[in-house]
Structure formats: structure tokens, C-alpha cells
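**Student:** Just so it is clear, I am handing over run12.txt, which has compact mmCIF, C-alpha atoms and all ligand atoms.
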# COMPACT_ATOMS: atom_id res chain seq x y z
CA MET A 1 0.00 0.00 0.00
CA LEU A 2 1.21 3.51 -0.78
CA LEU A 3 0.10 6.55 1.24
CA ARG A 4 0.76 10.24 1.46
CA LEU A 5 0.78 11.73 4.95
CA ARG A 6 0.04 15.35 5.73
CA PRO A 7 3.32 17.30 5.83
CA SER A 8 3.11 18.13 9.54
CA THR A 9 2.63 14.53 10.72
CA ARG A 10 4.89 14.17 13.79
CA GLY A 11 4.65 13.02 17.42
CA PRO A 12 1.36 11.44 18.52
CA ASP A 13 -0.13 11.63 14.97
CA LEU A 14 2.79 9.67 13.54
CA GLU A 15 2.64 7.19 16.43
CA ALA A 16 -1.09 6.63 15.87
CA PHE A 17 -0.42 5.97 12.19
CA GLN A 18 2.41 3.55 12.92
CA ARG A 19 0.35 1.76 15.56
CA LEU A 20 -2.51 1.22 13.11
CA ALA A 21 -0.06 -0.04 10.49
CA ARG A 22 1.34 -2.60 12.95
CA GLU A 23 -2.14 -3.69 14.08
CA LYS A 24 -3.15 -4.26 10.46
CA GLY A 25 0.00 -6.29 9.76
CA TYR A 26 2.10 -3.79 7.83
CA GLU A 27 5.65 -2.56 8.15
CA SER A 28 6.13 1.07 7.10
CA ARG A 29 8.99 2.95 5.51
CA PHE A 30 9.31 6.49 4.24
CA LEU A 31 10.22 6.91 0.61
CA ASP A 32 11.12 10.61 0.61
CA ARG A 33 13.18 13.05 2.62
CA GLU A 34 10.12 15.10 3.64
CA ARG A 35 8.69 11.94 5.26
CA THR A 36 5.26 12.24 3.61
CA LEU A 37 5.31 9.31 1.15
CA VAL A 38 4.98 5.98 2.99
CA GLU A 39 5.14 2.45 1.69
CA LEU A 40 3.34 -0.18 3.76
CA MET A 41 4.47 -3.77 3.29
CA ARG A 42 2.73 -6.86 4.65
CA THR A 43 4.58 -8.60 7.43
CA SER A 44 2.48 -11.72 6.72
CA GLY A 45 -0.71 -12.81 4.93
CA HIS A 46 -3.03 -10.68 2.82
CA GLY A 47 -4.42 -7.18 3.22
CA GLN A 48 -8.08 -6.85 4.21
CA PRO A 49 -10.85 -5.03 2.25
CA GLY A 50 -11.21 -2.54 5.13
CA ASP A 51 -7.54 -1.52 5.29
CA ARG A 52 -7.81 1.36 2.81
CA ALA A 53 -10.73 2.95 4.68
CA ALA A 54 -9.02 2.51 8.07
CA PHE A 55 -6.01 4.52 6.86
CA GLU A 56 -8.15 7.09 5.03
CA ASP A 57 -10.00 7.77 8.29
CA LEU A 58 -6.79 8.83 10.09
CA SER A 59 -6.38 12.62 10.23
CA SER A 60 -2.68 12.24 9.37
CA VAL A 61 -3.36 10.48 6.03
CA ALA A 62 -3.78 12.86 3.08
CA ALA A 63 -4.40 10.12 0.50
CA VAL A 64 -4.12 6.40 -0.12
CA LEU A 65 -2.35 6.29 -3.48
CA ASP A 66 -2.37 2.53 -4.04
CA SER A 67 -4.16 -0.22 -2.16
CA SER A 68 -4.02 -3.04 -4.70
CA ASP A 69 -2.58 -5.41 -2.06
CA ALA A 70 -5.74 -4.95 0.06
CA PRO A 71 -8.54 -4.93 -2.53
CA GLU A 72 -12.11 -4.03 -1.59
CA LEU A 73 -14.74 -6.66 -2.36
CA HIS A 74 -16.12 -4.91 -5.46
CA GLU A 75 -12.73 -4.60 -7.15
CA ARG A 76 -12.03 -6.57 -10.28
CA GLY A 77 -8.37 -7.16 -9.36
CA GLY A 78 -5.96 -9.05 -11.60
CA GLN A 79 -7.55 -12.47 -11.95
CA ARG A 80 -11.11 -12.05 -10.72
CA GLN A 81 -13.76 -13.28 -13.17
CA ALA A 82 -16.87 -11.24 -13.88
CA THR A 83 -19.70 -11.93 -11.44
CA ILE A 84 -22.77 -13.20 -13.28
CA VAL A 85 -26.07 -12.47 -11.51
CA ARG A 86 -28.72 -14.99 -12.60
CA VAL A 87 -32.46 -14.57 -12.01
CA GLY A 88 -34.86 -16.91 -13.82
CA GLU A 89 -33.91 -16.79 -17.50
CA ALA A 90 -31.98 -13.54 -17.04
CA SER A 91 -28.23 -13.35 -16.56
CA PHE A 92 -26.25 -10.15 -16.14
CA GLY A 93 -22.49 -10.10 -16.65
CA GLY A 94 -19.81 -12.12 -18.40
CA PRO A 95 -21.12 -12.91 -21.90
CA PHE A 96 -24.76 -12.30 -20.92
CA LEU A 97 -27.04 -9.30 -21.30
CA SER A 98 -30.66 -9.08 -20.12
CA LEU A 99 -33.54 -6.64 -20.41
CA ILE A 100 -35.77 -5.45 -17.56
CA ALA A 101 -38.92 -3.61 -18.61
CA GLY A 102 -42.26 -2.45 -17.27
CA PRO A 103 -44.08 0.58 -15.96
CA CYS A 104 -42.53 3.09 -13.59
CA ALA A 105 -45.27 2.39 -11.04
CA VAL A 106 -47.75 -0.45 -10.65
CA GLU A 107 -51.11 1.19 -11.40
CA ASP A 108 -53.77 -1.45 -11.94
CA GLU A 109 -53.77 -5.17 -12.37
CA GLU A 110 -55.08 -5.50 -15.93
CA ARG A 111 -52.67 -2.91 -17.24
CA LEU A 112 -49.74 -4.47 -15.43
CA LEU A 113 -50.57 -7.88 -16.92
CA ALA A 114 -50.87 -6.42 -20.41
CA ILE A 115 -47.51 -4.66 -20.12
CA ALA A 116 -45.90 -7.77 -18.65
CA ARG A 117 -47.07 -9.93 -21.57
CA ALA A 118 -45.98 -7.34 -24.13
CA VAL A 119 -42.48 -6.90 -22.74
CA ARG A 120 -42.00 -10.65 -22.29
CA ASP A 121 -43.05 -11.25 -25.90
CA ALA A 122 -40.57 -8.57 -26.98
CA GLY A 123 -37.69 -10.23 -25.08
CA ALA A 124 -37.63 -8.85 -21.52
CA THR A 125 -36.62 -11.46 -18.94
CA LEU A 126 -37.62 -9.41 -15.87
CA LEU A 127 -40.65 -7.24 -15.14
CA ARG A 128 -40.13 -3.93 -13.34
CA GLY A 129 -42.79 -1.88 -11.53
CA GLY A 130 -42.78 0.18 -8.35
CA ALA A 131 -45.28 -0.50 -5.57
CA PHE A 132 -43.45 1.92 -3.25
CA LYS A 133 -42.49 5.05 -5.18
CA PRO A 134 -39.87 7.56 -4.01
CA ARG A 135 -41.57 10.73 -5.26
CA THR A 136 -39.98 14.14 -4.94
CA SER A 137 -43.25 15.70 -3.80
CA PRO A 138 -45.19 14.18 -0.90
CA TYR A 139 -48.39 15.07 -2.82
CA SER A 140 -47.49 12.94 -5.86
CA PHE A 141 -48.65 9.34 -6.25
CA GLN A 142 -46.59 7.27 -3.78
CA GLY A 143 -47.48 3.86 -5.22
CA LEU A 144 -50.16 1.28 -4.42
CA ARG A 145 -47.95 -0.23 -1.70
CA GLU A 146 -49.37 -3.60 -0.48
CA ARG A 147 -51.92 -3.75 -3.27
CA GLY A 148 -49.16 -3.07 -5.81
CA LEU A 149 -47.12 -5.95 -4.38
CA GLU A 150 -50.15 -8.22 -4.74
CA PHE A 151 -50.55 -7.23 -8.43
CA LEU A 152 -46.85 -7.92 -8.99
CA ARG A 153 -47.23 -11.34 -7.38
CA ARG A 154 -50.09 -12.17 -9.75
CA ALA A 155 -48.23 -10.83 -12.79
CA ARG A 156 -45.29 -13.05 -11.91
CA ALA A 157 -47.58 -16.10 -11.63
CA GLU A 158 -49.56 -15.36 -14.82
CA VAL A 159 -46.80 -14.14 -17.12
CA GLY A 160 -43.83 -15.99 -15.69
CA LEU A 161 -41.42 -13.07 -15.46
CA PRO A 162 -39.45 -12.54 -12.24
CA ILE A 163 -40.06 -9.18 -10.55
CA VAL A 164 -37.80 -6.18 -9.93
CA THR A 165 -39.34 -3.71 -7.49
CA GLU A 166 -38.08 -0.93 -5.28
CA VAL A 167 -37.90 -0.95 -1.51
CA LEU A 168 -37.62 2.40 0.27
CA ASP A 169 -37.62 1.54 3.95
CA PRO A 170 -35.56 -1.05 5.85
CA ARG A 171 -38.76 -2.00 7.71
CA ASP A 172 -40.40 -3.05 4.41
CA VAL A 173 -37.58 -5.25 3.11
CA GLU A 174 -39.05 -8.50 4.37
CA ARG A 175 -42.51 -8.07 2.86
CA VAL A 176 -41.19 -6.65 -0.44
CA ALA A 177 -38.69 -9.53 -0.66
CA GLU A 178 -41.59 -12.00 -0.47
CA VAL A 179 -42.68 -10.81 -3.91
CA ALA A 180 -39.49 -9.40 -5.44
CA ASP A 181 -36.94 -11.57 -7.22
CA VAL A 182 -34.63 -8.55 -7.33
CA LEU A 183 -34.79 -5.70 -4.81
CA GLN A 184 -34.24 -2.28 -6.34
CA THR A 185 -32.66 0.43 -4.22
CA GLY A 186 -33.33 3.73 -5.95
CA SER A 187 -31.18 6.70 -6.68
CA ARG A 188 -32.52 8.60 -3.67
CA SER A 189 -31.60 5.69 -1.37
CA MET A 190 -28.06 4.98 -2.54
CA SER A 191 -26.47 6.31 0.63
CA ASN A 192 -29.04 4.82 3.02
CA THR A 193 -26.64 2.34 4.59
CA ALA A 194 -29.28 0.85 6.91
CA LEU A 195 -31.38 -0.01 3.83
CA LEU A 196 -28.35 -1.42 1.99
CA SER A 197 -27.52 -3.74 4.89
CA GLU A 198 -31.12 -4.88 5.16
CA VAL A 199 -31.52 -5.65 1.44
CA ALA A 200 -28.19 -7.46 1.59
CA ARG A 201 -29.47 -9.64 4.43
CA SER A 202 -32.60 -10.58 2.44
CA GLY A 203 -30.32 -12.72 0.24
CA LYS A 204 -32.11 -11.45 -2.90
CA PRO A 205 -30.14 -9.91 -5.76
CA VAL A 206 -29.92 -6.13 -5.42
CA LEU A 207 -30.33 -3.64 -8.25
CA LEU A 208 -28.38 -0.66 -6.92
CA LYS A 209 -29.04 2.62 -8.72
CA ARG A 210 -26.44 5.37 -8.72
CA GLY A 211 -27.28 8.40 -6.57
CA LEU A 212 -28.42 11.59 -8.27
CA ALA A 213 -25.07 13.25 -7.61
CA ALA A 214 -22.91 10.35 -6.45
CA THR A 215 -19.33 9.96 -7.58
CA VAL A 216 -18.31 6.61 -9.03
CA ARG A 217 -16.32 5.93 -5.84
CA GLU A 218 -19.40 6.62 -3.68
CA PHE A 219 -21.45 4.34 -5.95
CA LEU A 220 -18.91 1.52 -5.59
CA LEU A 221 -18.79 1.97 -1.82
CA ALA A 222 -22.59 1.66 -1.68
CA ALA A 223 -22.16 -1.68 -3.48
CA GLU A 224 -19.40 -2.52 -0.99
CA HIS A 225 -21.95 -2.15 1.84
CA VAL A 226 -24.06 -4.92 0.26
CA LEU A 227 -21.04 -7.12 -0.47
CA ALA A 228 -19.60 -6.61 3.02
CA ALA A 229 -22.93 -7.75 4.50
CA GLY A 230 -22.45 -11.05 2.66
CA ASN A 231 -24.58 -10.60 -0.48
CA GLU A 232 -22.56 -11.00 -3.70
CA ARG A 233 -25.48 -10.55 -6.09
CA VAL A 234 -25.32 -6.84 -6.86
CA ILE A 235 -26.22 -5.28 -10.21
CA LEU A 236 -25.04 -1.67 -10.59
CA CYS A 237 -27.32 0.67 -12.53
CA GLU A 238 -26.16 3.91 -14.16
CA ARG A 239 -29.28 6.10 -14.55
CA GLY A 240 -27.72 9.48 -15.18
CA VAL A 241 -26.51 12.10 -12.74
CA ARG A 242 -27.59 15.71 -12.21
CA GLY A 243 -26.28 17.85 -15.01
CA PHE A 244 -26.41 21.59 -15.62
CA ASP A 245 -28.58 21.26 -18.71
CA HIS A 246 -32.26 20.33 -18.76
CA VAL A 247 -32.32 19.13 -22.34
CA THR A 248 -32.23 15.63 -20.88
CA ARG A 249 -33.61 14.74 -17.44
CA ASN A 250 -30.18 13.54 -16.29
CA LEU A 251 -26.71 13.25 -17.77
CA LEU A 252 -26.10 9.60 -18.73
CA ASP A 253 -22.53 8.92 -17.62
CA LEU A 254 -21.30 6.49 -20.26
CA GLY A 255 -17.71 7.08 -19.18
CA ALA A 256 -18.68 5.70 -15.79
CA VAL A 257 -20.18 2.59 -17.45
CA ALA A 258 -16.97 1.93 -19.39
CA HIS A 259 -14.90 2.61 -16.27
CA LEU A 260 -17.04 0.41 -14.00
CA LYS A 261 -16.71 -2.52 -16.39
CA ARG A 262 -12.96 -2.34 -15.76
CA ALA A 263 -12.98 -1.38 -12.09
CA THR A 264 -15.41 -3.98 -10.75
CA HIS A 265 -16.38 -7.60 -11.37
CA LEU A 266 -20.05 -6.70 -10.73
CA PRO A 267 -22.50 -6.42 -13.65
CA VAL A 268 -23.47 -2.92 -14.77
CA ILE A 269 -26.72 -1.99 -16.49
CA VAL A 270 -28.04 1.28 -17.92
CA ASP A 271 -31.40 2.97 -17.34
CA PRO A 272 -31.95 5.06 -20.47
CA SER A 273 -35.46 6.10 -19.34
CA HIS A 274 -34.53 8.14 -16.26
CA ALA A 275 -31.45 9.45 -18.06
CA ALA A 276 -33.37 10.68 -21.10
CA GLY A 277 -36.64 11.81 -19.56
CA ARG A 278 -38.05 11.76 -23.10
CA PRO A 279 -39.23 8.71 -25.03
CA GLU A 280 -37.54 9.59 -28.32
CA LEU A 281 -34.10 9.53 -26.63
CA VAL A 282 -34.54 6.15 -24.94
CA LEU A 283 -33.50 4.05 -27.95
CA PRO A 284 -30.32 6.02 -28.78
CA LEU A 285 -29.23 6.04 -25.11
CA ALA A 286 -30.00 2.33 -24.83
CA LYS A 287 -27.77 1.61 -27.85
CA ALA A 288 -25.02 3.82 -26.43
CA GLY A 289 -25.21 2.05 -23.08
CA ILE A 290 -24.75 -1.36 -24.68
CA ALA A 291 -21.93 -0.05 -26.86
CA ALA A 292 -20.20 1.26 -23.69
CA GLY A 293 -20.24 -2.28 -22.30
CA ALA A 294 -23.42 -2.45 -20.20
CA ASP A 295 -24.69 -5.91 -19.23
CA GLY A 296 -28.32 -4.97 -19.79
CA LEU A 297 -30.96 -2.27 -19.57
CA ILE A 298 -33.92 -1.31 -17.42
CA VAL A 299 -36.59 0.45 -19.46
CA GLU A 300 -39.92 2.08 -18.59
CA VAL A 301 -42.73 0.92 -20.87
CA HIS A 302 -46.38 2.06 -20.86
CA PRO A 303 -49.11 1.64 -23.49
CA MET A 304 -50.83 4.92 -22.54
CA PRO A 305 -48.13 7.26 -21.21
CA CYS A 306 -50.64 10.11 -20.94
CA GLU A 307 -52.47 8.08 -18.25
CA ALA A 308 -49.37 7.01 -16.31
CA ARG A 309 -49.31 8.13 -12.69
CA SER A 310 -45.54 8.59 -12.65
CA ASP A 311 -42.85 9.15 -15.29
CA GLY A 312 -45.30 8.99 -18.23
CA ALA A 313 -43.18 11.62 -19.97
CA GLN A 314 -40.34 9.14 -20.51
CA ALA A 315 -42.25 5.89 -21.10
CA ILE A 316 -41.91 4.14 -24.46
CA SER A 317 -44.64 2.04 -26.05
CA PRO A 318 -44.51 -1.76 -26.11
CA ALA A 319 -43.88 -1.58 -29.89
CA ASP A 320 -40.90 0.74 -29.38
CA PHE A 321 -39.60 -1.57 -26.68
CA ALA A 322 -39.79 -4.49 -29.12
CA GLU A 323 -37.71 -2.48 -31.60
CA LEU A 324 -35.20 -1.65 -28.85
CA ALA A 325 -34.93 -5.33 -27.90
CA ARG A 326 -34.21 -6.28 -31.53
CA TYR A 327 -31.41 -3.72 -31.70
CA VAL A 328 -29.91 -4.86 -28.44
CA ALA A 329 -29.91 -8.50 -29.59
CA GLN A 330 -28.00 -7.44 -32.72
CA LEU A 331 -25.56 -5.24 -30.79
CA ALA A 332 -24.93 -8.07 -28.34
CA ARG A 333 -24.09 -10.43 -31.20
CA LEU A 334 -21.73 -7.83 -32.66
CA GLU A 335 -19.89 -7.75 -29.32
CA GLY A 336 -19.74 -11.56 -29.16
CA ARG A 337 -22.30 -11.60 -26.33
CA ARG A 338 -25.83 -12.96 -25.93
CA LEU A 339 -29.11 -11.32 -25.01
CA CYS A 340 -30.98 -13.70 -22.68
CA GLN A 341 -34.51 -14.61 -23.80
CA PRO A 342 -37.64 -15.38 -21.78
CA ALA A 343 -38.68 -19.00 -21.38
CA GLY A 344 -40.99 -20.69 -23.89
CA PRO A 345 -41.52 -20.04 -27.58
CA ARG A 346 -42.05 -16.41 -28.48
CA PRO A 347 -44.72 -15.43 -31.01
CA ALA A 348 -42.17 -14.58 -33.72
CA GLU A 349 -40.54 -18.00 -33.31
CA VAL A 350 -43.89 -19.77 -33.39
CA ARG A 351 -44.79 -18.06 -36.65
CA SER A 352 -41.51 -18.83 -38.44
C1 LIG A 401 -37.55 4.25 -10.94
O1 LIG A 401 -36.85 3.29 -11.32
O2 LIG A 401 -38.74 4.42 -11.25
C2 LIG A 401 -36.87 5.31 -10.16
C3 LIG A 401 -37.54 6.03 -9.27
O3 LIG A 401 -35.59 5.45 -10.50
P1 LIG A 401 -34.42 6.34 -9.85
O4 LIG A 401 -34.26 5.85 -8.44
O5 LIG A 401 -33.23 6.04 -10.72
O6 LIG A 401 -34.85 7.78 -9.93
MN MN A 402 -39.60 5.95 -12.90
When written as C-alpha cells, how does the structure in this file appear?
**Tutor:**
Amino acid sequence: MLLRLRPSTRGPDLEAFQRLAREKGYESRFLDRERTLVELMRTSGHGQPGDRAAFEDLSSVAAVLDSSDAPELHERGGQRQATIVRVGEASFGGPFLSLIAGPCAVEDEERLLAIARAVRDAGATLLRGGAFKPRTSPYSFQGLRERGLEFLRRARAEVGLPIVTEVLDPRDVERVAEVADVLQTGSRSMSNTALLSEVARSGKPVLLKRGLAATVREFLLAAEHVLAAGNERVILCERGVRGFDHVTRNLLDLGAVAHLKRATHLPVIVDPSHAAGRPELVLPLAKAGIAAGADGLIVEVHPMPCEARSDGAQAISPADFAELARYVAQLARLEGRRLCQPAGPRPAEVRS
């Protein structure tokens, strides 16, 4: 490990640093005359995932410059294979891409079933839909809650797609996990560490969305909370960050997608809907996400966007989703990868 100390580190500050180094199993030596650059070498065994943070928390440490001998759990490292998260017919990571689609919010049962059938027939392998909605205004529709969960349960049984749905409150994790195959933690919850620990403990895969203004490091450390609590099945989701321009709802950070694919073994998907905020931009952003290396997409689909109770302005129609799915299948092939398909014969295959 390589660290830079603050220039004035002497006396008790230096002793505290050296004590921690010894406790963690490192020998230290200064590399420069100013005694600010320190190399830490293992006296025995391997470094621990928490070593970097322990040194960063010391007031005498200005920066940890290299901690590759004590990798955090999310890090790809030299040899580590990509983690593949599998749910039903869907797989995210390695050679596999998958599509998640559905309405922003669960609104009524018939409509949910119709959307579920349409997106399955188009190639989605997971159905999304919020029963608990994190709305900016307390006066906006907050979701159907228990009733929404019940509709999702029925959609799963009737249509056969596993469910991705958001949980907002650690106290709700257990009952949401009874219905959800994947627990979504939304952008507004990314730094809610109590929620992250609770979803981790559920044992269900976690779809972790990047915070509205979170750095990539903060995003990865949110994933680290889930991994450190013993749940390896984390799917990262880039959904755009706050930009200065309102031409799109958020600024889709494709550089972060390309970076994450190198920095972590976890799968990374893109949400073009919340990034674009406009239906006509969903397809181009979806294509760009896949080209940047994403392992899948989560897309908001609604047959009557003008009637949607949340995010209707960015929903695409089932027909447009089918077109998107065809593109993604082709792009995946071009990259030597495979878009996972729902179980059973699809209408197009039956006809041909
Ligand atoms: C959603 O998926 O509907 C949602 C609220 O997303 P985000 O947390 O990314 O805003
Ligand atoms: Mn939404």
C-alpha cells in the first residue's frame, strides 16, 4: 500500500499511524526526505478489504495512493472473473445481457398484466414496476404499496417473469422480498446504509441505482456495503446524474459505465429512461449504453403514457420496446455476447 501523509505529521499523529499499520500487519517505511510518502508492506498474509478505509480515516493520512494489495470486495483485481447475476432466464455479466422492462409504477392489475405480456413477448426477462415510489413531492402518487405488491405477485404467476421492485424503507424489506426476485434500491436511497444492509441480508439480488449526484467511488462503496454484508449478487445501474442542462432529465454517464466494467467484477446496467426523460431519446441512449459495455438495460414501458401516474413523460410504447430489444440482440451479437430470452416459444418464433 502507498500513502501520502500530511506534511506536519509528527509526534502522537505519527505514532497513531504507525500503531494502526502494525495492528493491520504492515511494516512502514518512508520513501522521501520530507517523510510524507509511505510504503506499507505486509509482514504476513493478505491485506483486508477494510484496510484502505481505516487509513483514510486517520487525520494524518492525506491520500491512499495505491491499495491493490488490500482490494475491496467490489474490485475486479488481476484475476477475478466477472460476477454473473442470474435470475430466472436472465443473466447479467460475463457474456450475458438481459432486459428489464415495465411501468414506472404499478397502477392497476389489468394494465400491469398487459404490459408484462408485451415486454415478455418482446424479449424482456424481468418485469419492473414500483409498488413503493420515491416521489420528490409528498403530494405525488406514492405507489399502491401492499396492493401493488399483490398485483406484482399475480403478474409473476400469470406471465412468468421474475419481478424487480423498489424498496424504500428497511422495515419493508421482508414483505417486499416476499414478492421481489430482485430488490431495487433507488437513486434517492443509494447512501441509506441501513437499507443497503437490510436488502443485503434478504439474500435477494440487489439492483443498486447510482445516486443523483454520487461519484463513481461513492457508488462503488454503496455496493461494498451490500457485499460486506455477505450478499454477492449486486447489479449496478447507471441512470444518469444531475447535469447543468435540462435538455435531458439527467446526464447519462457512459464514461462511468466503461470505467465500472474495468474497475469492478459486478455487472453494470443502464437505465436510459430516467437518463433521457423523453421517449424519443430512450433508444439512442440504450444503444449507447450497450456499446459502452453495459450488461443490460432497465426500461420504462407504458401503453398509454398520458395516463401514467408517474414518469409517463419518458415511457416508451410496447412496440418501441420491441424495436429496442431487436437492436440490443444485434448489438450483443456484434460484441460476441448474448441477449438472454424469456422461457418458452415467443410469437415470432412460433410463426416462423
Ligand atoms: C424508478 O426506477 O422508477 C426510479 C424512481 O428510479 P431512480 O431511483 O433512478 O430515480
Ligand atoms: Mn420511474
**Student:** How would you report the residues lying within 7 Å of ligand MN 402 (chain A), as number ranges by chain, if you count only C-alpha atoms and all ligand atoms?
**Tutor:** A: 104-105, 274, 300, 310-311
**Student:** The selected residues should be written to file as a PDB file, in the coordinates of the input (atoms: C-alpha atoms).
**Tutor:**
ATOM      1  CA  CYS A 104     -42.530   3.090 -13.590  1.00  0.00           C
ATOM      2  CA  ALA A 105     -45.270   2.390 -11.040  1.00  0.00           C
ATOM      3  CA  HIS A 274     -34.530   8.140 -16.260  1.00  0.00           C
ATOM      4  CA  GLU A 300     -39.920   2.080 -18.590  1.00  0.00           C
ATOM      5  CA  SER A 310     -45.540   8.590 -12.650  1.00  0.00           C
ATOM      6  CA  ASP A 311     -42.850   9.150 -15.290  1.00  0.00           C
TER       7      ASP A 311
END
**Student:** For A:Pro318, work out the shell of residues within 12 Å, counting only C-alpha atoms and skipping chain neighbours fewer than 5 positions away, then give it as a short mmCIF file (atom, residue, chain, number, x, y, z; two decimals) with C-alpha atoms, in the frame of the given file.
**Tutor:**
data_model
loop_
_atom_site.label_atom_id
_atom_site.label_comp_id
_atom_site.auth_asym_id
_atom_site.auth_seq_id
_atom_site.Cartn_x
_atom_site.Cartn_y
_atom_site.Cartn_z
CA ALA A 101 -38.92 -3.61 -18.61
CA GLY A 102 -42.26 -2.45 -17.27
CA PRO A 103 -44.08 0.58 -15.96
CA ALA A 114 -50.87 -6.42 -20.41
CA ILE A 115 -47.51 -4.66 -20.12
CA ALA A 116 -45.90 -7.77 -18.65
CA ARG A 117 -47.07 -9.93 -21.57
CA ALA A 118 -45.98 -7.34 -24.13
CA VAL A 119 -42.48 -6.90 -22.74
CA ARG A 120 -42.00 -10.65 -22.29
CA ASP A 121 -43.05 -11.25 -25.90
CA ALA A 122 -40.57 -8.57 -26.98
CA GLY A 123 -37.69 -10.23 -25.08
CA ALA A 124 -37.63 -8.85 -21.52
CA PRO A 279 -39.23 8.71 -25.03
CA VAL A 299 -36.59 0.45 -19.46
CA GLU A 300 -39.92 2.08 -18.59
CA VAL A 301 -42.73 0.92 -20.87
CA HIS A 302 -46.38 2.06 -20.86
CA PRO A 303 -49.11 1.64 -23.49
CA MET A 304 -50.83 4.92 -22.54
CA PRO A 305 -48.13 7.26 -21.21
CA GLU A 323 -37.71 -2.48 -31.60
CA LEU A 324 -35.20 -1.65 -28.85
CA ALA A 325 -34.93 -5.33 -27.90
#
**Student:** What separation in Å, quoted to one decimal, exists between atom CA of A:Ala70 and atom CA of A:Lys24?
**Tutor:**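 Computing it gives 10.7 Å between the two atoms.
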**Student:** Give the centre and edge lengths of an axis-aligned box, in Å to one decimal, that holds all listed atoms of ligand LIG 401 (chain A) with 5 Å on each side, as lines of an AutoDock Vina configuration file.
**Tutor:**
center_x = -36.0
center_y = 5.5
center_z = -9.9
size_x = 15.5
size_y = 14.5
size_z = 12.9
**Student:** Quick one: residues within 10 Å of A:Leu331, only C-alpha atoms counted, chain neighbours fewer than 6 positions away excluded, as a PyMOL selection string?
**Tutor:** chain A and resi 287+290-291+325+337-339
